[in-house]
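This is final-v5.cif (mmCIF, C-alpha atoms).
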```
data_protein
#
loop_
_atom_site.group_PDB
_atom_site.id
_atom_site.type_symbol
_atom_site.label_atom_id
_atom_site.label_comp_id
_atom_site.auth_asym_id
_atom_site.auth_seq_id
_atom_site.Cartn_x
_atom_site.Cartn_y
_atom_site.Cartn_z
ATOM 1 C CA MET T 1 0.000 0.000 0.000
ATOM 2 C CA LYS T 2 2.881 2.354 0.789
ATOM 3 C CA ALA T 3 4.320 1.692 -2.704
ATOM 4 C CA ILE T 4 1.006 2.686 -4.337
ATOM 5 C CA GLY T 5 0.911 5.915 -2.299
ATOM 6 C CA SER T 6 4.486 6.774 -3.320
ATOM 7 C CA PHE T 7 3.655 6.049 -6.944
ATOM 8 C CA CYS T 8 0.587 8.334 -6.788
ATOM 9 C CA VAL T 9 2.608 11.175 -5.266
ATOM 10 C CA LEU T 10 5.284 10.768 -7.948
ATOM 11 C CA LEU T 11 2.638 10.721 -10.682
ATOM 12 C CA VAL T 12 0.997 13.895 -9.360
ATOM 13 C CA LEU T 13 4.371 15.686 -9.215
ATOM 14 C CA LEU T 14 5.223 14.683 -12.783
ATOM 15 C CA VAL T 15 1.846 15.800 -14.117
ATOM 16 C CA ALA T 16 2.023 19.104 -12.195
ATOM 17 C CA SER T 17 5.505 19.906 -13.463
ATOM 18 C CA GLY T 18 4.420 19.203 -17.047
ATOM 19 C CA CYS T 19 1.261 21.327 -16.792
ATOM 20 C CA ARG T 20 2.978 24.517 -15.718
ATOM 21 C CA SER T 21 4.484 24.984 -19.173
ATOM 22 C CA LEU T 22 1.084 24.812 -20.911
ATOM 23 C CA ASN T 23 0.448 28.507 -20.339
ATOM 24 C CA GLN T 24 3.236 29.535 -22.710
ATOM 25 C CA PRO T 25 3.028 30.288 -26.436
ATOM 26 C CA ILE T 26 4.362 27.571 -28.670
ATOM 27 C CA ALA T 27 6.941 28.738 -31.168
ATOM 28 C CA PRO T 28 6.565 27.179 -34.597
ATOM 29 C CA THR T 29 9.310 24.671 -35.256
ATOM 30 C CA GLY T 30 8.088 23.225 -38.543
ATOM 31 C CA ASP T 31 9.360 23.773 -42.047
ATOM 32 C CA ARG T 32 8.422 27.320 -43.023
ATOM 33 C CA SER T 33 8.795 26.511 -46.714
ATOM 34 C CA ALA T 34 5.618 24.395 -46.488
ATOM 35 C CA ALA T 35 3.543 27.406 -45.347
ATOM 36 C CA THR T 36 1.367 29.147 -47.935
ATOM 37 C CA GLY T 37 0.602 32.298 -45.977
ATOM 38 C CA GLY T 38 1.669 34.442 -43.080
ATOM 39 C CA THR T 39 0.402 36.542 -40.212
ATOM 40 C CA VAL T 40 -0.123 40.286 -39.841
ATOM 41 C CA ALA T 41 -0.510 41.636 -36.293
ATOM 42 C CA GLY T 42 -0.645 44.952 -34.495
ATOM 43 C CA LEU T 43 -2.388 47.216 -32.003
ATOM 44 C CA VAL T 44 -5.169 49.779 -32.339
ATOM 45 C CA SER T 45 -5.033 52.585 -29.775
ATOM 46 C CA THR T 46 -5.722 56.225 -29.046
ATOM 47 C CA ASP T 47 -4.023 58.878 -26.875
ATOM 48 C CA ASP T 48 -0.670 58.433 -28.639
ATOM 49 C CA GLY T 49 -0.788 54.687 -28.138
ATOM 50 C CA LYS T 50 -1.671 54.767 -24.429
ATOM 51 C CA THR T 51 -5.293 53.535 -24.573
ATOM 52 C CA ALA T 52 -6.270 50.314 -26.354
ATOM 53 C CA LEU T 53 -9.385 50.309 -28.522
ATOM 54 C CA THR T 54 -11.491 47.160 -28.236
ATOM 55 C CA GLY T 55 -13.891 45.820 -30.840
ATOM 56 C CA ARG T 56 -12.483 47.622 -33.880
ATOM 57 C CA LYS T 57 -12.592 45.892 -37.252
ATOM 58 C CA VAL T 58 -9.206 45.654 -38.986
ATOM 59 C CA THR T 59 -9.105 44.631 -42.658
ATOM 60 C CA ALA T 60 -6.177 43.467 -44.770
ATOM 61 C CA THR T 61 -6.795 43.756 -48.520
ATOM 62 C CA ASN T 62 -4.700 41.827 -51.018
ATOM 63 C CA ALA T 63 -3.582 44.304 -53.694
ATOM 64 C CA ALA T 64 -3.636 41.739 -56.525
ATOM 65 C CA THR T 65 -6.816 39.773 -55.770
ATOM 66 C CA LYS T 66 -8.759 42.404 -53.751
ATOM 67 C CA ALA T 67 -9.564 39.640 -51.220
ATOM 68 C CA HIS T 68 -10.401 40.960 -47.731
ATOM 69 C CA PHE T 69 -9.358 39.409 -44.414
ATOM 70 C CA ASP T 70 -10.960 40.800 -41.233
ATOM 71 C CA ALA T 71 -10.244 40.653 -37.521
ATOM 72 C CA THR T 72 -11.674 42.423 -34.481
ATOM 73 C CA THR T 73 -9.406 43.961 -31.860
ATOM 74 C CA ALA T 74 -9.206 42.269 -28.456
ATOM 75 C CA THR T 75 -9.381 43.958 -25.046
ATOM 76 C CA ASN T 76 -5.709 44.925 -25.352
ATOM 77 C CA GLY T 77 -6.339 46.533 -28.772
ATOM 78 C CA GLY T 78 -4.443 43.736 -30.508
ATOM 79 C CA TYR T 79 -5.412 42.037 -33.731
ATOM 80 C CA THR T 80 -4.037 39.096 -35.708
ATOM 81 C CA LEU T 81 -4.803 38.257 -39.322
ATOM 82 C CA THR T 82 -3.738 35.072 -41.088
ATOM 83 C CA VAL T 83 -3.456 35.786 -44.809
ATOM 84 C CA PRO T 84 -2.161 34.089 -47.962
ATOM 85 C CA ALA T 85 1.202 35.328 -49.231
ATOM 86 C CA GLY T 86 0.876 38.654 -51.050
ATOM 87 C CA HIS T 87 0.975 42.453 -50.867
ATOM 88 C CA TYR T 88 -1.570 43.985 -48.450
ATOM 89 C CA THR T 89 -2.968 47.311 -47.354
ATOM 90 C CA ILE T 90 -4.331 47.355 -43.809
ATOM 91 C CA ASP T 91 -7.230 49.516 -42.657
ATOM 92 C CA VAL T 92 -9.166 50.030 -39.425
ATOM 93 C CA GLU T 93 -12.753 51.198 -39.033
ATOM 94 C CA LEU T 94 -13.121 54.785 -37.896
ATOM 95 C CA ARG T 95 -16.098 56.240 -36.089
ATOM 96 C CA SER T 96 -17.584 59.696 -36.445
ATOM 97 C CA GLY T 97 -15.073 62.431 -35.631
ATOM 98 C CA GLU T 98 -12.037 60.120 -35.658
ATOM 99 C CA ARG T 99 -8.966 60.256 -37.864
ATOM 100 C CA LEU T 100 -5.746 58.305 -38.111
ATOM 101 C CA ALA T 101 -2.647 59.782 -36.516
ATOM 102 C CA LYS T 102 -0.636 56.677 -37.416
ATOM 103 C CA ARG T 103 -1.286 53.863 -39.851
ATOM 104 C CA PRO T 104 0.907 51.031 -41.082
ATOM 105 C CA GLU T 105 2.423 51.125 -44.547
ATOM 106 C CA PRO T 106 1.357 48.450 -47.045
ATOM 107 C CA THR T 107 3.197 45.216 -46.418
ATOM 108 C CA ASP T 108 4.443 42.153 -48.265
ATOM 109 C CA VAL T 109 3.603 38.919 -46.453
ATOM 110 C CA GLY T 110 5.530 35.815 -47.412
ATOM 111 C CA ALA T 111 4.975 32.173 -46.602
ATOM 112 C CA GLY T 112 5.516 31.626 -42.875
ATOM 113 C CA ASP T 113 6.082 35.334 -42.136
ATOM 114 C CA LEU T 114 5.020 37.078 -38.942
ATOM 115 C CA ASP T 115 4.596 40.759 -39.758
ATOM 116 C CA SER T 116 3.981 42.336 -36.365
ATOM 117 C CA GLY T 117 3.969 45.960 -35.274
ATOM 118 C CA ARG T 118 1.332 47.012 -37.802
ATOM 119 C CA ASP T 119 -0.137 49.538 -35.374
ATOM 120 C CA PHE T 120 -2.823 52.206 -35.710
ATOM 121 C CA VAL T 121 -3.241 55.316 -33.534
ATOM 122 C CA ILE T 122 -6.621 57.020 -33.735
ATOM 123 C CA THR T 123 -7.312 60.603 -32.618
ATOM 124 C CA ARG T 124 -10.705 62.070 -31.744
#
```

Final structure tokens representation of the file:
Amino acid sequence: MKAIGSFCVLLVLLVASGCRSLNQPIAPTGDRSAATGGTVAGLVSTDDGKTALTGRKVTATNAATKAHFDATTATNGGYTLTVPAGHYTIDVELRSGERLAKRPEPTDVGAGDLDSGRDFVITR
């Protein structure tokens, strides 16, 4: 009986030590050449980047095909778009009385790319 108790304690410790790493992002380790698209990411904010804007629609438009890819900003103002490889313009919805103080330049997204830092700053 003592052996079963020791085994259970050991099993619980092993499971607990393995679970603590589950709250971390997983970096891609696969072959990037097999990817057909990439990711565009950024933040939407106001007050010179100090206040995140939640629930804003961000659209990436492929310059060649005119295909649209949409995302909605999260509580931290962040957005992520997974798009096929290509050249994109990125826009954010504006509400009455708003204008863009900062917008990202058009971007080329290649297979397996992560194009982050495509941030918008909105003024009112």

Between T:Val44, T:Leu114, T:Leu100, T:Ala71, which one has atoms that come closest to Thr59 in chain T, using only C-alpha atoms?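 Under the stated criterion, the closest residue is T:Ala71.
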
Ref. answer, residues at most 12 Å from (2.0, 62.9, -38.8) with all atoms listed in the file, as an mmCIF file with C-alpha atoms, keeping the file's coordinate frame:
```
data_model
loop_
_atom_site.group_PDB
_atom_site.id
_atom_site.type_symbol
_atom_site.label_atom_id
_atom_site.label_comp_id
_atom_site.auth_asym_id
_atom_site.auth_seq_id
_atom_site.Cartn_x
_atom_site.Cartn_y
_atom_site.Cartn_z
ATOM 1 C CA ASP T 48 -0.670 58.433 -28.639
ATOM 2 C CA ARG T 99 -8.966 60.256 -37.864
ATOM 3 C CA LEU T 100 -5.746 58.305 -38.111
ATOM 4 C CA ALA T 101 -2.647 59.782 -36.516
ATOM 5 C CA LYS T 102 -0.636 56.677 -37.416
ATOM 6 C CA ARG T 103 -1.286 53.863 -39.851
ATOM 7 C CA VAL T 121 -3.241 55.316 -33.534
ATOM 8 C CA ILE T 122 -6.621 57.020 -33.735
ATOM 9 C CA THR T 123 -7.312 60.603 -32.618
#
```

From the list T:Asp108, T:Glu98, T:Glu93, T:Asp113, which residue is nearest Gly55 in chain T when using only C-alpha atoms?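 Of all the options, T:Glu93 lies closest to Gly55 in chain T.
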
Test item: which residues lie within 8 Å of (6.1, 42.9, -38.0) counting all atoms listed in the file, as a ChimeraX atom specification: /T:40-42,114-118

8 Å contact set for Thr82 in chain T, all atoms listed in the file, chain neighbours under 3 positions out, as a ChimeraX atom specification: /T:37-40,69

Interatomic distance, CA of Thr73 in chain T to CA of Gly86 in chain T (Å, one decimal):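 Computed distance, CA of Thr73 in chain T to CA of Gly86 in chain T, equals 22.4 Å.
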
Atomic separation - CA of Val58 in chain T relative to CA of Leu94 in chain T, Å: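 CA of Val58 in chain T lies at a distance of 10.0 Å from CA of Leu94 in chain T.
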
Serialized range 87-109 of chain T w/ N, CA and C atoms as a PDB file, in the first residue's frame:
```pdb
ATOM      1  N   HIS T  87       0.779  41.046 -51.243  1.00  0.00           N
ATOM      2  CA  HIS T  87       0.975  42.453 -50.867  1.00  0.00           C
ATOM      3  C   HIS T  87      -0.351  42.980 -50.330  1.00  0.00           C
ATOM      4  N   TYR T  88      -0.334  43.588 -49.136  1.00  0.00           N
ATOM      5  CA  TYR T  88      -1.570  43.985 -48.450  1.00  0.00           C
ATOM      6  C   TYR T  88      -1.547  45.440 -47.998  1.00  0.00           C
ATOM      7  N   THR T  89      -2.727  46.067 -48.077  1.00  0.00           N
ATOM      8  CA  THR T  89      -2.968  47.311 -47.354  1.00  0.00           C
ATOM      9  C   THR T  89      -3.799  46.927 -46.134  1.00  0.00           C
ATOM     10  N   ILE T  90      -3.631  47.673 -45.054  1.00  0.00           N
ATOM     11  CA  ILE T  90      -4.331  47.355 -43.809  1.00  0.00           C
ATOM     12  C   ILE T  90      -5.093  48.601 -43.362  1.00  0.00           C
ATOM     13  N   ASP T  91      -6.368  48.409 -43.070  1.00  0.00           N
ATOM     14  CA  ASP T  91      -7.230  49.516 -42.657  1.00  0.00           C
ATOM     15  C   ASP T  91      -7.953  49.160 -41.367  1.00  0.00           C
ATOM     16  N   VAL T  92      -8.381  50.204 -40.644  1.00  0.00           N
ATOM     17  CA  VAL T  92      -9.166  50.030 -39.425  1.00  0.00           C
ATOM     18  C   VAL T  92     -10.420  50.883 -39.554  1.00  0.00           C
ATOM     19  N   GLU T  93     -11.520  50.409 -38.989  1.00  0.00           N
ATOM     20  CA  GLU T  93     -12.753  51.198 -39.033  1.00  0.00           C
ATOM     21  C   GLU T  93     -12.600  52.431 -38.150  1.00  0.00           C
ATOM     22  N   LEU T  94     -13.104  53.543 -38.661  1.00  0.00           N
ATOM     23  CA  LEU T  94     -13.121  54.785 -37.896  1.00  0.00           C
ATOM     24  C   LEU T  94     -14.562  55.154 -37.605  1.00  0.00           C
ATOM     25  N   ARG T  95     -14.765  55.772 -36.468  1.00  0.00           N
ATOM     26  CA  ARG T  95     -16.098  56.240 -36.089  1.00  0.00           C
ATOM     27  C   ARG T  95     -16.169  57.746 -36.298  1.00  0.00           C
ATOM     28  N   SER T  96     -17.350  58.279 -36.206  1.00  0.00           N
ATOM     29  CA  SER T  96     -17.584  59.696 -36.445  1.00  0.00           C
ATOM     30  C   SER T  96     -16.624  60.561 -35.625  1.00  0.00           C
ATOM     31  N   GLY T  97     -15.982  61.500 -36.295  1.00  0.00           N
ATOM     32  CA  GLY T  97     -15.073  62.431 -35.631  1.00  0.00           C
ATOM     33  C   GLY T  97     -13.662  61.907 -35.421  1.00  0.00           C
ATOM     34  N   GLU T  98     -13.377  60.694 -35.845  1.00  0.00           N
ATOM     35  CA  GLU T  98     -12.037  60.120 -35.658  1.00  0.00           C
ATOM     36  C   GLU T  98     -11.217  60.258 -36.935  1.00  0.00           C
ATOM     37  N   ARG T  99      -9.892  60.290 -36.735  1.00  0.00           N
ATOM     38  CA  ARG T  99      -8.966  60.256 -37.864  1.00  0.00           C
ATOM     39  C   ARG T  99      -7.723  59.479 -37.435  1.00  0.00           C
ATOM     40  N   LEU T 100      -6.949  59.083 -38.402  1.00  0.00           N
ATOM     41  CA  LEU T 100      -5.746  58.305 -38.111  1.00  0.00           C
ATOM     42  C   LEU T 100      -4.551  59.227 -37.905  1.00  0.00           C
ATOM     43  N   ALA T 101      -3.902  59.083 -36.773  1.00  0.00           N
ATOM     44  CA  ALA T 101      -2.647  59.782 -36.516  1.00  0.00           C
ATOM     45  C   ALA T 101      -1.470  58.920 -36.961  1.00  0.00           C
ATOM     46  N   LYS T 102      -1.679  57.616 -36.980  1.00  0.00           N
ATOM     47  CA  LYS T 102      -0.636  56.677 -37.416  1.00  0.00           C
ATOM     48  C   LYS T 102      -1.318  55.481 -38.052  1.00  0.00           C
ATOM     49  N   ARG T 103      -0.780  55.062 -39.187  1.00  0.00           N
ATOM     50  CA  ARG T 103      -1.286  53.863 -39.851  1.00  0.00           C
ATOM     51  C   ARG T 103      -0.103  53.113 -40.442  1.00  0.00           C
ATOM     52  N   PRO T 104      -0.200  51.794 -40.527  1.00  0.00           N
ATOM     53  CA  PRO T 104       0.907  51.031 -41.082  1.00  0.00           C
ATOM     54  C   PRO T 104       0.994  51.185 -42.601  1.00  0.00           C
ATOM     55  N   GLU T 105       2.196  51.122 -43.100  1.00  0.00           N
ATOM     56  CA  GLU T 105       2.423  51.125 -44.547  1.00  0.00           C
ATOM     57  C   GLU T 105       1.942  49.798 -45.123  1.00  0.00           C
ATOM     58  N   PRO T 106       1.657  49.747 -46.423  1.00  0.00           N
ATOM     59  CA  PRO T 106       1.357  48.450 -47.045  1.00  0.00           C
ATOM     60  C   PRO T 106       2.506  47.479 -46.793  1.00  0.00           C
ATOM     61  N   THR T 107       2.195  46.207 -46.786  1.00  0.00           N
ATOM     62  CA  THR T 107       3.197  45.216 -46.418  1.00  0.00           C
ATOM     63  C   THR T 107       3.167  44.010 -47.343  1.00  0.00           C
ATOM     64  N   ASP T 108       4.325  43.410 -47.525  1.00  0.00           N
ATOM     65  CA  ASP T 108       4.443  42.153 -48.265  1.00  0.00           C
ATOM     66  C   ASP T 108       4.533  41.028 -47.254  1.00  0.00           C
ATOM     67  N   VAL T 109       3.635  40.063 -47.360  1.00  0.00           N
ATOM     68  CA  VAL T 109       3.603  38.919 -46.453  1.00  0.00           C
ATOM     69  C   VAL T 109       4.027  37.690 -47.246  1.00  0.00           C
TER      70      VAL T 109
END
```
